[in-house]
$ cat run_13.cif   # mmCIF, C-alpha atoms and all ligand atoms
data_run
#
loop_
_atom_site.label_atom_id
_atom_site.label_comp_id
_atom_site.auth_asym_id
_atom_site.auth_seq_id
_atom_site.Cartn_x
_atom_site.Cartn_y
_atom_site.Cartn_z
CA MET Z 1 11.81 -1.53 11.79
CA HIS Z 2 10.66 0.07 8.54
CA LEU Z 3 7.14 -0.06 7.20
CA VAL Z 4 7.14 -0.33 3.40
CA LYS Z 5 4.12 0.11 1.16
CA LEU Z 6 4.69 -1.25 -2.32
CA GLY Z 7 2.12 0.61 -4.41
CA GLY Z 8 0.02 -1.24 -6.94
CA SER Z 9 1.17 1.23 -9.62
CA VAL Z 10 4.71 -0.15 -9.37
CA LEU Z 11 3.94 -3.86 -8.96
CA THR Z 12 1.26 -4.06 -11.65
CA ASP Z 13 0.27 -2.58 -14.97
CA LYS Z 14 -2.75 -0.60 -13.86
CA ALA Z 15 -4.21 -0.42 -17.37
CA HIS Z 16 -4.44 -4.20 -17.83
CA VAL Z 17 -6.30 -6.48 -15.47
CA THR Z 18 -4.18 -8.83 -13.29
CA THR Z 19 -0.93 -7.91 -15.02
CA LEU Z 20 2.24 -8.11 -12.97
CA ARG Z 21 5.29 -5.92 -13.50
CA ALA Z 22 7.55 -8.80 -12.58
CA ALA Z 23 10.88 -7.08 -13.16
CA ASN Z 24 9.93 -4.19 -10.86
CA LEU Z 25 8.80 -6.63 -8.19
CA ARG Z 26 12.04 -8.63 -8.41
CA ARG Z 27 14.17 -5.50 -8.16
CA LEU Z 28 12.25 -4.05 -5.21
CA ALA Z 29 12.43 -7.39 -3.37
CA ALA Z 30 16.20 -7.44 -3.96
CA GLU Z 31 16.52 -3.85 -2.67
CA ILE Z 32 14.63 -4.71 0.51
CA ALA Z 33 16.86 -7.76 1.07
CA ALA Z 34 20.03 -5.79 0.29
CA SER Z 35 19.16 -3.17 2.91
CA ARG Z 36 19.39 -5.82 5.66
CA GLN Z 37 16.78 -3.83 7.58
CA GLU Z 38 13.83 -5.31 9.39
CA VAL Z 39 10.68 -4.51 7.43
CA VAL Z 40 6.95 -5.06 7.55
CA ILE Z 41 5.52 -4.97 4.03
CA VAL Z 42 2.15 -3.79 2.81
CA HIS Z 43 1.35 -3.97 -0.87
CA GLY Z 44 -1.39 -2.46 -2.96
CA ALA Z 45 -3.65 -4.26 -5.39
CA GLY Z 46 -3.12 -2.33 -8.62
CA SER Z 47 -4.83 -4.03 -11.55
CA PHE Z 48 -5.41 -7.16 -9.43
CA GLY Z 49 -7.96 -5.21 -7.42
CA HIS Z 50 -9.09 -1.81 -8.64
CA ILE Z 51 -10.46 -2.72 -12.07
CA LYS Z 52 -12.94 -5.40 -10.96
CA ALA Z 53 -13.68 -3.64 -7.66
CA ARG Z 54 -14.71 -0.52 -9.57
CA LYS Z 55 -16.75 -2.45 -12.12
CA HIS Z 56 -18.78 -4.12 -9.36
CA ARG Z 57 -18.78 -1.09 -6.99
CA LEU Z 58 -17.28 -3.18 -4.19
CA GLN Z 59 -16.07 -0.06 -2.33
CA GLU Z 60 -19.71 0.85 -1.69
CA GLY Z 61 -20.33 -2.42 0.11
CA TYR Z 62 -23.23 -4.74 -0.48
CA LEU Z 63 -25.69 -3.51 -3.11
CA ASP Z 64 -26.94 -6.79 -4.58
CA ASP Z 65 -26.14 -10.48 -4.85
CA GLU Z 66 -24.52 -10.04 -8.22
CA GLN Z 67 -21.49 -8.50 -6.49
CA LEU Z 68 -20.75 -11.64 -4.49
CA PRO Z 69 -18.89 -13.57 -7.20
CA ALA Z 70 -16.81 -10.41 -7.75
CA VAL Z 71 -15.93 -10.24 -4.04
CA ALA Z 72 -14.66 -13.82 -4.23
CA GLU Z 73 -12.82 -13.11 -7.47
CA VAL Z 74 -11.08 -9.95 -6.25
CA GLN Z 75 -10.05 -11.70 -3.03
CA ARG Z 76 -8.61 -14.47 -5.17
CA ASP Z 77 -6.82 -12.01 -7.49
CA VAL Z 78 -5.17 -9.99 -4.70
CA ARG Z 79 -4.00 -13.29 -3.22
CA ALA Z 80 -2.45 -14.22 -6.57
CA LEU Z 81 -0.54 -10.93 -6.47
CA ASN Z 82 0.38 -11.57 -2.84
CA LEU Z 83 1.79 -14.97 -3.80
CA ALA Z 84 3.94 -13.34 -6.47
CA VAL Z 85 5.22 -10.85 -3.86
CA LEU Z 86 6.00 -13.67 -1.42
CA ASP Z 87 7.86 -15.61 -4.11
CA ALA Z 88 9.95 -12.58 -5.06
CA LEU Z 89 10.81 -11.89 -1.42
CA ARG Z 90 11.72 -15.52 -0.78
CA ARG Z 91 13.94 -15.61 -3.86
CA ALA Z 92 15.65 -12.47 -2.60
CA GLY Z 93 16.47 -14.35 0.62
CA LEU Z 94 13.79 -13.11 3.02
CA ARG Z 95 11.27 -15.18 5.03
CA PRO Z 96 7.95 -13.58 4.21
CA VAL Z 97 4.65 -14.69 5.74
CA SER Z 98 1.28 -13.67 4.35
CA LEU Z 99 -1.29 -11.98 6.59
CA PRO Z 100 -4.46 -11.51 4.50
CA PRO Z 101 -6.72 -8.72 5.80
CA SER Z 102 -9.83 -10.71 4.80
CA ALA Z 103 -8.95 -13.06 7.67
CA ILE Z 104 -7.43 -10.71 10.28
CA ALA Z 105 -9.13 -7.34 9.80
CA ARG Z 106 -12.65 -5.91 10.13
CA LEU Z 107 -13.98 -2.62 8.86
CA ASP Z 108 -16.83 -0.43 10.03
CA ASP Z 109 -18.25 1.83 7.32
CA GLY Z 110 -14.92 1.71 5.51
CA ALA Z 111 -12.81 2.53 8.58
CA LEU Z 112 -10.56 -0.06 10.18
CA ARG Z 113 -12.29 -1.40 13.27
CA SER Z 114 -9.93 -4.22 14.19
CA LEU Z 115 -6.67 -5.75 13.02
CA ASP Z 116 -5.03 -8.74 14.68
CA LEU Z 117 -1.74 -7.05 15.53
CA ASP Z 118 -0.58 -9.95 17.67
CA VAL Z 119 0.06 -12.14 14.61
CA PHE Z 120 2.32 -9.42 13.20
CA ARG Z 121 4.10 -9.24 16.55
CA ARG Z 122 4.59 -13.00 16.84
CA TYR Z 123 5.93 -13.44 13.30
CA ARG Z 124 8.26 -10.48 13.74
CA ASP Z 125 9.59 -11.94 16.99
CA LEU Z 126 10.32 -15.18 15.16
CA GLY Z 127 12.30 -13.36 12.47
CA PHE Z 128 9.74 -13.50 9.68
CA THR Z 129 8.76 -10.62 7.40
CA PRO Z 130 5.00 -10.02 7.67
CA VAL Z 131 3.37 -9.14 4.35
CA THR Z 132 -0.16 -7.79 4.17
CA PHE Z 133 -2.07 -6.11 1.35
CA GLY Z 134 -5.11 -4.22 0.06
CA ASP Z 135 -8.06 -6.63 0.18
CA VAL Z 136 -11.84 -7.01 0.34
CA VAL Z 137 -12.77 -7.27 4.01
CA LEU Z 138 -15.90 -7.76 6.13
CA ASP Z 139 -17.54 -4.48 7.11
CA ALA Z 140 -19.98 -4.13 10.01
CA ARG Z 141 -22.23 -1.69 8.15
CA ARG Z 142 -21.57 -2.36 4.46
CA TRP Z 143 -21.20 -6.18 4.83
CA PHE Z 144 -17.94 -5.95 2.93
CA ALA Z 145 -15.68 -3.12 1.78
CA ILE Z 146 -12.24 -2.39 0.44
CA CYS Z 147 -9.41 -2.22 2.95
CA SER Z 148 -6.60 -0.29 1.25
CA GLY Z 149 -2.94 -0.79 1.89
CA ASP Z 150 -2.75 2.81 3.13
CA LEU Z 151 -5.32 2.09 5.83
CA LEU Z 152 -3.17 -0.83 6.96
CA MET Z 153 -0.06 1.39 6.91
CA LEU Z 154 -1.77 3.78 9.32
CA ALA Z 155 -2.78 1.02 11.75
CA LEU Z 156 0.63 -0.63 11.64
CA ALA Z 157 2.46 2.68 12.09
CA GLU Z 158 0.36 3.49 15.12
CA ALA Z 159 0.90 0.05 16.64
CA PHE Z 160 4.61 -0.46 15.95
CA ARG Z 161 6.00 3.10 15.73
CA PRO Z 162 8.56 2.17 13.05
CA GLU Z 163 11.66 4.17 12.31
CA SER Z 164 10.24 5.03 8.92
CA ALA Z 165 7.23 4.55 6.69
CA ILE Z 166 8.20 4.37 3.03
CA PHE Z 167 5.53 4.66 0.35
CA VAL Z 168 6.79 3.31 -2.97
CA ALA Z 169 4.94 4.77 -5.95
CA ASP Z 170 5.41 5.44 -9.68
CA VAL Z 171 6.32 9.11 -9.28
CA ASP Z 172 9.35 10.88 -7.79
CA GLY Z 173 7.20 12.31 -5.02
CA VAL Z 174 4.40 14.79 -4.50
CA TYR Z 175 4.15 17.58 -7.06
CA THR Z 176 2.37 20.92 -6.98
CA ALA Z 177 0.25 19.61 -9.91
CA ASP Z 178 -0.08 16.35 -11.85
CA PRO Z 179 3.38 15.93 -13.48
CA LYS Z 180 1.87 13.71 -16.17
CA ARG Z 181 -0.29 16.66 -17.34
CA SER Z 182 1.44 19.87 -16.34
CA ARG Z 183 4.99 20.90 -17.23
CA ALA Z 184 4.92 23.52 -14.49
CA ALA Z 185 4.49 20.83 -11.84
CA LYS Z 186 7.24 21.06 -9.21
CA LEU Z 187 8.46 18.27 -6.96
CA LEU Z 188 7.96 19.13 -3.31
CA ARG Z 189 10.68 18.03 -0.90
CA GLU Z 190 8.31 18.25 2.02
CA VAL Z 191 4.55 18.15 2.45
CA GLY Z 192 2.55 18.70 5.60
CA PRO Z 193 -0.78 20.13 6.70
CA ALA Z 194 0.60 23.65 6.11
CA ASN Z 195 1.26 23.32 2.37
CA LEU Z 196 -1.40 20.71 1.58
CA ALA Z 197 -3.75 23.36 0.23
CA ALA Z 198 -1.16 24.43 -2.38
CA ILE Z 199 -1.23 21.01 -4.05
CA ASP Z 200 -3.55 20.29 -6.94
CA THR Z 201 -5.09 16.94 -5.98
CA THR Z 202 -7.78 16.94 -8.65
CA ALA Z 203 -5.95 14.52 -10.98
CA LYS Z 204 -8.38 11.88 -12.17
CA THR Z 205 -8.08 8.43 -10.68
CA GLU Z 206 -9.59 5.08 -11.53
CA ASP Z 207 -8.74 3.84 -8.03
CA VAL Z 208 -11.56 2.69 -5.78
CA THR Z 209 -9.53 3.83 -2.79
CA GLY Z 210 -9.38 7.46 -3.84
CA GLY Z 211 -6.99 9.99 -5.29
CA LEU Z 212 -3.96 11.94 -4.15
CA GLY Z 213 -5.83 14.12 -1.62
CA GLY Z 214 -7.01 11.18 0.47
CA LYS Z 215 -3.66 9.45 0.13
CA LEU Z 216 -1.82 12.52 1.42
CA GLU Z 217 -4.15 12.82 4.37
CA ARG Z 218 -3.49 9.19 5.28
CA MET Z 219 0.27 9.73 4.86
CA ILE Z 220 0.12 12.76 7.16
CA GLY Z 221 -1.69 10.47 9.60
CA VAL Z 222 1.09 7.89 9.32
CA ALA Z 223 3.73 10.62 9.80
CA ARG Z 224 2.41 11.23 13.30
CA PHE Z 225 3.65 7.81 14.39
CA VAL Z 226 7.02 7.50 12.65
CA ASP Z 227 10.31 9.37 12.67
CA ARG Z 228 10.25 9.66 8.90
CA CYS Z 229 7.48 9.25 6.36
CA VAL Z 230 8.54 9.42 2.70
CA LEU Z 231 7.18 8.85 -0.77
CA VAL Z 232 9.77 7.50 -3.24
CA ASN Z 233 9.78 6.37 -6.85
CA GLY Z 234 9.87 2.59 -7.11
CA LEU Z 235 10.40 2.70 -10.86
CA LYS Z 236 13.86 4.21 -10.31
CA LYS Z 237 16.55 1.70 -9.43
CA GLY Z 238 17.98 2.09 -5.95
CA ARG Z 239 15.49 4.62 -4.54
CA LEU Z 240 13.86 2.17 -2.13
CA LEU Z 241 17.25 0.84 -1.06
CA ALA Z 242 18.45 4.41 -0.48
CA ALA Z 243 15.33 5.22 1.53
CA LEU Z 244 15.90 2.16 3.71
CA ARG Z 245 19.54 3.07 4.27
CA SER Z 246 19.55 6.79 4.84
CA PRO Z 247 17.22 9.68 5.47
CA ARG Z 248 18.51 11.46 2.38
CA VAL Z 249 16.78 10.23 -0.73
CA VAL Z 250 15.04 11.76 -3.74
CA GLY Z 251 11.37 11.88 -2.83
CA THR Z 252 8.88 13.79 -0.73
CA ARG Z 253 8.96 13.76 2.99
CA VAL Z 254 5.56 13.96 4.63
CA THR Z 255 5.31 15.69 7.99
CA PRO Z 256 2.51 15.58 10.56
C1 LIG Z 301 -6.70 -1.62 -2.94
O1 LIG Z 301 -5.55 -1.44 -2.19
C2 LIG Z 301 -7.38 -2.94 -2.62
C3 LIG Z 301 -8.38 -3.41 -3.60
C4 LIG Z 301 -8.81 -2.72 -4.62
C5 LIG Z 301 -8.95 -4.74 -3.37
P1 LIG Z 301 -4.60 -0.16 -2.39
O2 LIG Z 301 -5.45 1.06 -2.55
O3 LIG Z 301 -3.62 -0.16 -1.29
O4 LIG Z 301 -3.87 -0.49 -3.76
P2 LIG Z 301 -2.96 0.42 -4.72
O5 LIG Z 301 -1.62 0.57 -4.11
O6 LIG Z 301 -3.66 1.76 -4.86
O7 LIG Z 301 -2.94 -0.34 -6.01
#
$ encode --input "run_13.cif" --output "structure tokens"
Amino acid sequence: MHLVKLGGSVLTDKAHVTTLRAANLRRLAAEIAASRQEVVIVHGAGSFGHIKARKHRLQEGYLDDEQLPAVAEVQRDVRALNLAVLDALRRAGLRPVSLPPSAIARLDDGALRSLDLDVFRRYRDLGFTPVTFGDVVLDARRWFAICSGDLLMLALAEAFRPESAIFVADVDGVYTADPKRSRAAKLLREVGPANLAAIDTTAKTEDVTGGLGGKLERMIGVARFVDRCVLVNGLKKGRLLAALRSPRVVGTRVTP
């Protein structure tokens, strides 16, 4: 089995609220189907989540009652994105089932406290493709908080020990610096705890779930439980399909 995280930067236009990048979604769904591999899919929220979550400081948990309509709205928006993902996967010939974290996961101070893994297991056994996503979730200390797709990737990797974990993003991989700002930025073929310090992770982010540094740490965490953990560019045709088919693909391999 392969664990695939479809990043919000590929599925949505992050600059415009609730805007789908439908052609990218269709292509990635087709690549997953064409691979004929068993997958469990996690997708990010992109502009269906981050923009309103940031505006209402949902990542900090409960601050005041005025956030509550925003919690309901962001949950609704990420579901709308999830529905679009399910439709694309169904049209590509898969049998996706939606497992919303708001119903099957609990956080404790932002960390994942519980996730109903048995539903994933049962649907997989029956030949379905489980699809889960970044969501607003109950939190024991903060009342509610953001559960990112990366947090789910870590829990699912630990539970199911997949062959690979593939993170699909809008860049070719991890660079020594932000490639959108620095021409000297070099693509790294491999990243692990040893060369983490050499990477400039200070690039600004509007994401409520943090920047590159935190993401890399979570990916290194995922790498502990899988044979292969890679970051590939989902804007380039065929990269995801290649990553699902063979270990050799343009991207960055993350090692524990
Ligand atoms: C964020 O999930 C969830 C919400 C903001 C509700 P992710 O952190 O996994 O989303 P992307 O991939 O960065 O868009």
$ residues_near_ligand --input "run_13.cif" --ligand "ligand LIG 301 (chain Z)" --cutoff "7 Å" --atoms "only C-alpha atoms and all ligand atoms" --output "ChimeraX atom specification"
/Z:6-9,43-47,49-50,53,74,78,133-136,146-150,207-209
$ closest_residue --input "run_13.cif" --among "Z:Val85, Z:Ile199, Z:Ala72, Z:His2" --to "Ser35 in chain Z" --atoms "only C-alpha atoms"
Z:His2
$ atom_distance --input "run_13.cif" --atom1 "CA of Gly110 in chain Z" --atom2 "CA of Trp143 in chain Z"
10.1 Å
$ closest_atom_pairs --input "run_13.cif" --of "range 152-228 of chain Z" --to "range 112-132 of chain Z" --cutoff "9 Å" --atoms "only C-alpha atoms" --output "tab-separated table"
residue	atom	partner	partner_atom	distance
Z:Leu152	CA	Z:Thr132	CA	8.1
Z:Ala155	CA	Z:Leu115	CA	7.9
Z:Leu156	CA	Z:Leu117	CA	7.9
Z:Ala159	CA	Z:Leu117	CA	7.7
Z:Phe160	CA	Z:Arg121	CA	8.8
$ axis_aligned_box --input "run_13.cif" --around "range 146-165 of chain Z" --padding-each-side "4 Å" --output "lines of an AutoDock Vina configuration file"
center_x = -0.3
center_y = 1.3
center_z = 8.5
size_x = 31.9
size_y = 15.4
size_z = 24.2
$ atom_distance --input "run_13.cif" --atom1 "CA of Arg106 in chain Z" --atom2 "CA of Met219 in chain Z"
21.0 Å
$ closest_residue --input "run_13.cif" --among "Z:Ala177, Z:Leu99, Z:Ala22, Z:Ile166" --to "Lys204 in chain Z" --atoms "all atoms listed in the file"
Z:Ala177
$ closest_residue --input "run_13.cif" --among "Z:Ala70, Z:Leu240, Z:Ala145, Z:Leu58" --to "Leu25 in chain Z" --atoms "all atoms listed in the file"
Z:Leu240
$ atom_distance --input "run_13.cif" --atom1 "CA of Glu217 in chain Z" --atom2 "CA of Leu63 in chain Z"
28.0 Å
$ closest_residue --input "run_13.cif" --among "Z:His16, Z:His56, Z:Arg76, Z:Arg95" --to "Ile41 in chain Z" --atoms "all atoms listed in the file"
Z:Arg95
$ closest_residue --input "run_13.cif" --among "Z:Ala203, Z:Ala242, Z:Ala157, Z:Val168" --to "Ala34 in chain Z" --atoms "all atoms listed in the file"
Z:Ala242
$ closest_residue --input "run_13.cif" --among "Z:Asp65, Z:Asp13, Z:Asp77, Z:Glu163" --to "Val39 in chain Z" --atoms "all atoms listed in the file"
Z:Glu163
$ residues_around --input "run_13.cif" --residues "Arg248 in chain Z" --least-positions-apart "5" --cutoff "12 Å" --atoms "all atoms listed in the file" --output "number ranges by chain"
Z: 189, 228-230, 232, 239-243, 253
$ decode --input "run_13.cif" --residues "range 182-193 of chain Z" --atoms "all heavy atoms" --output "mmCIF file, in the first residue's frame"
data_model
loop_
_atom_site.group_PDB
_atom_site.id
_atom_site.type_symbol
_atom_site.label_atom_id
_atom_site.label_comp_id
_atom_site.auth_asym_id
_atom_site.auth_seq_id
_atom_site.Cartn_x
_atom_site.Cartn_y
_atom_site.Cartn_z
ATOM 1 N N SER Z 182 15.330 32.493 -4.427
ATOM 2 C CA SER Z 182 16.774 32.469 -4.601
ATOM 3 C C SER Z 182 17.177 31.594 -5.791
ATOM 4 O O SER Z 182 16.788 30.435 -5.887
ATOM 5 C CB SER Z 182 17.413 31.925 -3.319
ATOM 6 O OG SER Z 182 18.705 31.465 -3.580
ATOM 7 N N ARG Z 183 17.979 32.205 -6.689
ATOM 8 C CA ARG Z 183 18.433 31.471 -7.869
ATOM 9 C C ARG Z 183 19.482 30.422 -7.501
ATOM 10 O O ARG Z 183 19.721 29.481 -8.250
ATOM 11 C CB ARG Z 183 19.038 32.445 -8.885
ATOM 12 C CG ARG Z 183 17.998 33.139 -9.707
ATOM 13 C CD ARG Z 183 18.544 34.378 -10.368
ATOM 14 N NE ARG Z 183 17.759 34.665 -11.567
ATOM 15 C CZ ARG Z 183 18.164 34.385 -12.796
ATOM 16 N NH1 ARG Z 183 19.335 33.845 -13.004
ATOM 17 N NH2 ARG Z 183 17.399 34.658 -13.825
ATOM 18 N N ALA Z 184 20.127 30.623 -6.373
ATOM 19 C CA ALA Z 184 21.175 29.699 -5.945
ATOM 20 C C ALA Z 184 20.595 28.440 -5.282
ATOM 21 O O ALA Z 184 21.336 27.513 -4.966
ATOM 22 C CB ALA Z 184 22.114 30.400 -4.980
ATOM 23 N N ALA Z 185 19.283 28.422 -5.110
ATOM 24 C CA ALA Z 185 18.657 27.279 -4.443
ATOM 25 C C ALA Z 185 18.901 25.987 -5.231
ATOM 26 O O ALA Z 185 18.718 25.951 -6.442
ATOM 27 C CB ALA Z 185 17.159 27.531 -4.287
ATOM 28 N N LYS Z 186 19.346 24.959 -4.515
ATOM 29 C CA LYS Z 186 19.629 23.672 -5.179
ATOM 30 C C LYS Z 186 18.670 22.606 -4.684
ATOM 31 O O LYS Z 186 18.387 22.528 -3.484
ATOM 32 C CB LYS Z 186 21.059 23.227 -4.859
ATOM 33 C CG LYS Z 186 22.087 23.952 -5.664
ATOM 34 C CD LYS Z 186 23.380 23.093 -5.762
ATOM 35 C CE LYS Z 186 24.417 23.795 -6.601
ATOM 36 N NZ LYS Z 186 24.893 25.047 -5.947
ATOM 37 N N LEU Z 187 18.202 21.780 -5.635
ATOM 38 C CA LEU Z 187 17.311 20.678 -5.270
ATOM 39 C C LEU Z 187 18.114 19.588 -4.571
ATOM 40 O O LEU Z 187 19.163 19.172 -5.055
ATOM 41 C CB LEU Z 187 16.646 20.101 -6.527
ATOM 42 C CG LEU Z 187 15.709 18.916 -6.308
ATOM 43 C CD1 LEU Z 187 14.448 19.335 -5.550
ATOM 44 C CD2 LEU Z 187 15.318 18.274 -7.633
ATOM 45 N N LEU Z 188 17.632 19.148 -3.432
ATOM 46 C CA LEU Z 188 18.314 18.084 -2.699
ATOM 47 C C LEU Z 188 17.678 16.745 -3.048
ATOM 48 O O LEU Z 188 16.453 16.608 -3.017
ATOM 49 C CB LEU Z 188 18.205 18.339 -1.191
ATOM 50 C CG LEU Z 188 18.931 19.573 -0.673
ATOM 51 C CD1 LEU Z 188 18.420 19.979 0.702
ATOM 52 C CD2 LEU Z 188 20.424 19.296 -0.622
ATOM 53 N N ARG Z 189 18.488 15.770 -3.379
ATOM 54 C CA ARG Z 189 17.963 14.439 -3.715
ATOM 55 C C ARG Z 189 17.541 13.708 -2.449
ATOM 56 O O ARG Z 189 16.686 12.842 -2.471
ATOM 57 C CB ARG Z 189 19.031 13.590 -4.441
ATOM 58 C CG ARG Z 189 19.604 14.212 -5.679
ATOM 59 C CD ARG Z 189 18.576 14.520 -6.738
ATOM 60 N NE ARG Z 189 17.650 13.410 -6.960
ATOM 61 C CZ ARG Z 189 16.964 13.228 -8.069
ATOM 62 N NH1 ARG Z 189 17.068 14.076 -9.072
ATOM 63 N NH2 ARG Z 189 16.142 12.211 -8.190
ATOM 64 N N GLU Z 190 18.202 14.042 -1.354
ATOM 65 C CA GLU Z 190 17.913 13.349 -0.107
ATOM 66 C C GLU Z 190 18.006 14.315 1.074
ATOM 67 O O GLU Z 190 18.894 15.163 1.115
ATOM 68 C CB GLU Z 190 18.915 12.215 0.081
ATOM 69 C CG GLU Z 190 18.363 11.106 0.945
ATOM 70 C CD GLU Z 190 19.220 9.851 0.874
ATOM 71 O OE1 GLU Z 190 19.212 9.188 -0.179
ATOM 72 O OE2 GLU Z 190 19.876 9.535 1.871
ATOM 73 N N VAL Z 191 17.068 14.195 1.982
ATOM 74 C CA VAL Z 191 17.086 15.009 3.193
ATOM 75 C C VAL Z 191 16.842 14.107 4.392
ATOM 76 O O VAL Z 191 15.991 13.222 4.356
ATOM 77 C CB VAL Z 191 15.972 16.089 3.149
ATOM 78 C CG1 VAL Z 191 15.806 16.747 4.510
ATOM 79 C CG2 VAL Z 191 16.282 17.149 2.113
ATOM 80 N N GLY Z 192 17.644 14.340 5.428
ATOM 81 C CA GLY Z 192 17.439 13.588 6.671
ATOM 82 C C GLY Z 192 17.896 14.445 7.824
ATOM 83 O O GLY Z 192 18.323 15.584 7.613
ATOM 84 N N PRO Z 193 17.848 13.920 9.032
ATOM 85 C CA PRO Z 193 18.248 14.717 10.189
ATOM 86 C C PRO Z 193 19.647 15.308 10.034
ATOM 87 O O PRO Z 193 19.916 16.412 10.506
ATOM 88 C CB PRO Z 193 18.213 13.710 11.340
ATOM 89 C CG PRO Z 193 17.295 12.632 10.878
ATOM 90 C CD PRO Z 193 17.418 12.570 9.390
#
